[in-house]
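Notes follow the structure.
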Amino acid sequence: MQASASAKPLATVSNHETYLSQGIPSADSLAPNPLDQFSQWFHLAQSRPDDVPEPEAMSLSTVDAETHIPSTRVVLLKQVDPRGFVFYTNYSSRKGRELFPDGDYEAESPRGAYASLAFYWRKLHLSVRVVGRVERVDRATTQAYFDSRPVGSRIGAWASDQSSVLPTGSREELEQRVRDVERRFGVPEGTATGSAVDVGPEGKGSAAQETHIPVPPFWGGIRVVPFEVEFWAGRESRLHDRYRYTRKEGDEDASWKIERLCP
Ligand SMILES: Cc1cc2nc3c(=O)[nH]c(=O)nc-3n(C[C@H](O)[C@H](O)[C@H](O)COP(=O)(O)O)c2cc1C
């Protein structure tokens with residue numbers, strides 16, 4: 001049945017937030033490179049943990065190459081480097097398959113599909129949007145990051161066939177897979193689920209934390225190499241400041257063009 005325009009809403013929002021950042025007075029106040037500009041804003045957000053509890057949380061949008069259906073989820077930014085924005089995930093997940101449709105996650109640094117990111121730091125009234133093309137992070141960098149994770153998260157990466165359906169639909173099935181991985185790597189049962197005696201949440205501070213667990217071949221870093229980055233600073237009466245950096249896609253030596261956009 002077609003939803004009618006008069007259908008009773010299930011939720012409404014009636015407040016009108018006033019956005020009052022310092023704004024972006026002119027393009028001259030921006031760094032010539034958007035990754036440098038992003039780093040400045042990100043450091044500001046990181047310096048205000050009470051106002052911005054998780055500045056690294058970002059929305060990631062991908063598109064299914066066959067159906068053209070988009071999907072968005074939240075992931076964590078783990079590094080900004082001169083090439084782009086890095087996060088870690090399961091390459092076989094929905095996002096992983098949409099970003100690398102070839103599915104060959106053993107191949108060295110192949111170029112993937114387009115992706116978009118969005119950050120929103122509410123108390124700062126700042127937002128950043130990124131459009132780029134992805135590439136896989138090299139295995140040595142992925143291994144180094146994987147080794148830095150709590151042992152429970154490393155086990156979880158092996159145990160979770162991310163985005164696939166659990167046939168029985170039960171949590172127990174997932175926890176059984178976790179126990180199988182714990183046994184495989186000689187880690188006390190219950191380390192990842194926090195139920196192991198004397199191990200503590202995720203094995204932090206325990207002997208289990210020191211266990212060498214190889215990085216799963218289907219898991220690793222993804223870098224979004226941008227060709228468009230927009231900086232949004234909230235101002236009064238919705239007359240926000242917006243600046244967009246663009247460069248030719250695929251040409252990382254190209255200089256960035258900066259333009260002001262209507263809010
Ligand atoms: C705050 C937050 C941070 C998250 N960080 C990550 C992350 O860094 N990597 C990841 O794979 N999933 C992360 N997730 C889970 C994803 O949102 C998503 O559920 C999962 O990656 C599966 O997405 P997919 O099925 O579209 O591939 C996070 C979720 C939240 C709410």
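Ligands are numbered from 1 in the order shown, residues from 1 within each chain, and chains are lettered A, B, ... in the order they appear in the structure tokens.
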Which protein, DNA or RNA residues have an atom within 9 Å of ligand 1, counting only C-alpha atoms and all ligand atoms, as an MDAnalysis selection string?
-> chainID A and resid 54 56:62 71:78 87:98 162:164 219
Determine which residues of range 78-181 of chain A receive a DSSP assignment of strand (DSSP E), computed from the backbone, and state them as a ChimeraX atom specification.
-> /A:79-81,84-90,111-121,126-136
Do a neighbour search on Arg260 in chain A at 7 Å with only C-alpha atoms, toss out local chain neighbours closer than 6 positions, and write the hits as a list in words.
->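 Counting only C-alpha atoms, the residues come to Arg242, Tyr243 and Arg244 of chain A.
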Go ahead and save the residues from that selection, with all heavy atoms, as a CSV table (one decimal), in the first residue's frame.
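So out.csv came out as:
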```
chain,number,residue,atom,x,y,z
A,242,ARG,N,30.4,27.0,3.6
A,242,ARG,CA,30.8,25.8,3.0
A,242,ARG,C,31.9,26.0,2.0
A,242,ARG,O,31.8,26.9,1.1
A,242,ARG,CB,29.6,25.2,2.2
A,242,ARG,CG,28.4,24.8,3.1
A,242,ARG,CD,27.3,24.2,2.2
A,242,ARG,NE,27.6,23.0,1.5
A,242,ARG,CZ,26.9,22.5,0.5
A,242,ARG,NH1,25.8,23.1,0.0
A,242,ARG,NH2,27.3,21.4,-0.1
A,243,TYR,N,33.0,25.2,2.1
A,243,TYR,CA,34.0,25.3,1.1
A,243,TYR,C,34.3,23.9,0.6
A,243,TYR,O,34.4,23.0,1.4
A,243,TYR,CB,35.3,25.9,1.7
A,243,TYR,CG,35.3,27.4,1.8
A,243,TYR,CD1,34.8,28.1,2.9
A,243,TYR,CD2,35.7,28.1,0.6
A,243,TYR,CE1,34.8,29.5,2.9
A,243,TYR,CE2,35.7,29.5,0.6
A,243,TYR,CZ,35.2,30.2,1.7
A,243,TYR,OH,35.1,31.5,1.7
A,244,ARG,N,34.4,23.8,-0.7
A,244,ARG,CA,34.7,22.5,-1.3
A,244,ARG,C,36.0,22.5,-2.0
A,244,ARG,O,36.3,23.4,-2.9
A,244,ARG,CB,33.6,22.2,-2.3
A,244,ARG,CG,33.8,20.8,-3.0
A,244,ARG,CD,32.7,20.6,-4.0
A,244,ARG,NE,32.7,21.6,-5.1
A,244,ARG,CZ,31.7,21.7,-6.0
A,244,ARG,NH1,30.7,21.0,-5.9
A,244,ARG,NH2,31.9,22.7,-6.9
```
Gap from CA of Pro188 in chain A to CA of Ala157 in chain A - Å, one decimal =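 Spanning CA of Pro188 in chain A to CA of Ala157 in chain A is a straight-line distance of 16.6 Å.
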Long-range neighbours of range 19-36 of chain A as number ranges by chain, 7 Å cut-off, only C-alpha atoms, 2 positions minimum in chain | A: 17, 38-40, 82, 124-125, 229, 233-236, 241, 245, 256, 258
Next, dump the selected residues to file, keeping only C-alpha atoms, as a JSON list (two decimals), in the first residue's frame.
```json
[["chain", "number", "residue", "atom", "x", "y", "z"],
["A", 17, "GLU", "CA", 19.12, 24.22, 16.41],
["A", 38, "PHE", "CA", 40.97, 18.17, 8.07],
["A", 39, "SER", "CA", 43.83, 17.47, 10.49],
["A", 40, "GLN", "CA", 43.45, 20.96, 11.99],
["A", 82, "PRO", "CA", 48.97, 12.45, 3.24],
["A", 124, "LEU", "CA", 31.64, 22.46, 17.32],
["A", 125, "HIS", "CA", 28.98, 22.94, 14.62],
["A", 229, "VAL", "CA", 36.41, 17.31, 0.41],
["A", 233, "ALA", "CA", 30.81, 25.43, 9.43],
["A", 234, "GLY", "CA", 27.40, 26.18, 10.94],
["A", 235, "ARG", "CA", 26.32, 29.84, 11.06],
["A", 236, "GLU", "CA", 23.16, 31.68, 12.13],
["A", 241, "ASP", "CA", 29.95, 28.54, 5.41],
["A", 245, "TYR", "CA", 38.11, 21.30, -2.43],
["A", 256, "TRP", "CA", 43.30, 21.51, -5.25],
["A", 258, "ILE", "CA", 38.77, 25.66, -3.47]]
```
In Å to one decimal, how far is CA of Val181 in chain A from CA of Thr168 in chain A?
-> 19.0 Å
Of the candidates A:Pro216, A:Arg149, A:Arg133, A:His16, which one gets nearest to Asp251 in chain A if we count only C-alpha atoms?
->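 Distance minimum relative to Asp251 in chain A lands on A:Arg133.
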Report as a PyMOL selection string: the residues of range 138-181 of chain A with a DSSP assignment of alpha helix (DSSP H), based on the backbone of this structure.
-> chain A and resi 139-148+151-159+171-181
Any idea what's packed within 10 Å of Asp51 in chain A, counting only C-alpha atoms, ignoring anything in its chain fewer than 3 positions away? Could you give it as a PyMOL selection string?
-> chain A and resi 45-48+54-55+121-124
Which residue, A:Ala115, A:Leu10, A:Val86, A:Leu174, has the smallest gap to Ala192 in chain A when you use only C-alpha atoms?
->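 Once distances to Ala192 in chain A are computed over only C-alpha atoms, the minimum belongs to A:Leu174.
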Which value, in Å to one decimal, gives the distance between CA of Arg136 in chain A and CA of Val224 in chain A?
-> 9.0 Å
Which residue, A:Gly84, A:Gly194, A:Gly186, A:Pro150, has the smallest gap to Phe227 in chain A when you use only C-alpha atoms?
->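 Selected residue with least distance to Phe227 in chain A: A:Gly84.
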When you look at Leu99 in chain A with a cut-off of 8 Å (counting only C-alpha atoms), what residues show up, excluding the ones that are within fewer than 5 positions of it in the same chain? I need them as an mmCIF file with all heavy atoms, in the first residue's frame.
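Contents of part28.cif, freshly written:
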```cif
data_model
loop_
_atom_site.group_PDB
_atom_site.id
_atom_site.type_symbol
_atom_site.label_atom_id
_atom_site.label_comp_id
_atom_site.auth_asym_id
_atom_site.auth_seq_id
_atom_site.Cartn_x
_atom_site.Cartn_y
_atom_site.Cartn_z
ATOM 1 N N THR A 62 28.687 3.412 0.567
ATOM 2 C CA THR A 62 29.177 2.635 -0.571
ATOM 3 C C THR A 62 27.983 2.353 -1.482
ATOM 4 O O THR A 62 26.836 2.590 -1.105
ATOM 5 C CB THR A 62 29.781 1.297 -0.085
ATOM 6 O OG1 THR A 62 28.773 0.574 0.637
ATOM 7 C CG2 THR A 62 30.963 1.514 0.835
ATOM 8 N N VAL A 63 28.279 1.836 -2.658
ATOM 9 C CA VAL A 63 27.204 1.559 -3.619
ATOM 10 C C VAL A 63 27.420 0.173 -4.209
ATOM 11 O O VAL A 63 28.555 -0.200 -4.510
ATOM 12 C CB VAL A 63 27.203 2.619 -4.754
ATOM 13 C CG1 VAL A 63 26.169 2.280 -5.823
ATOM 14 C CG2 VAL A 63 26.957 4.005 -4.196
ATOM 15 N N GLY A 112 40.003 0.424 -5.696
ATOM 16 C CA GLY A 112 38.637 -0.042 -5.549
ATOM 17 C C GLY A 112 37.637 0.944 -6.104
ATOM 18 O O GLY A 112 37.929 1.719 -7.013
ATOM 19 N N ALA A 113 36.447 0.911 -5.502
ATOM 20 C CA ALA A 113 35.325 1.715 -5.988
ATOM 21 C C ALA A 113 35.318 3.093 -5.316
ATOM 22 O O ALA A 113 36.190 3.425 -4.516
ATOM 23 C CB ALA A 113 34.034 0.969 -5.672
ATOM 24 N N TYR A 114 34.288 3.868 -5.610
ATOM 25 C CA TYR A 114 34.112 5.166 -4.968
ATOM 26 C C TYR A 114 33.455 4.985 -3.604
ATOM 27 O O TYR A 114 32.673 4.047 -3.397
ATOM 28 C CB TYR A 114 33.233 6.078 -5.829
ATOM 29 C CG TYR A 114 33.841 6.402 -7.159
ATOM 30 C CD1 TYR A 114 33.227 6.023 -8.349
ATOM 31 C CD2 TYR A 114 35.045 7.093 -7.233
ATOM 32 C CE1 TYR A 114 33.793 6.315 -9.577
ATOM 33 C CE2 TYR A 114 35.628 7.392 -8.452
ATOM 34 C CZ TYR A 114 34.996 6.999 -9.622
ATOM 35 O OH TYR A 114 35.562 7.283 -10.820
ATOM 36 N N ALA A 115 33.777 5.903 -2.694
ATOM 37 C CA ALA A 115 33.173 5.875 -1.359
ATOM 38 C C ALA A 115 33.001 7.307 -0.892
ATOM 39 O O ALA A 115 33.655 8.227 -1.398
ATOM 40 C CB ALA A 115 34.072 5.123 -0.378
ATOM 41 N N VAL A 134 38.749 4.177 -3.158
ATOM 42 C CA VAL A 134 39.454 3.447 -2.102
ATOM 43 C C VAL A 134 40.604 2.597 -2.636
ATOM 44 O O VAL A 134 40.636 2.212 -3.805
ATOM 45 C CB VAL A 134 38.501 2.541 -1.288
ATOM 46 C CG1 VAL A 134 37.476 3.373 -0.534
ATOM 47 C CG2 VAL A 134 37.830 1.498 -2.166
#
```
For each of A:Ala144, A:Val225, A:Leu126, A:Ala65, take the minimum atom-to-atom distance to Glu252 in chain A, counting only C-alpha atoms, then give the residue where this is smallest.
->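 Under the stated criterion, the closest residue is A:Val225.
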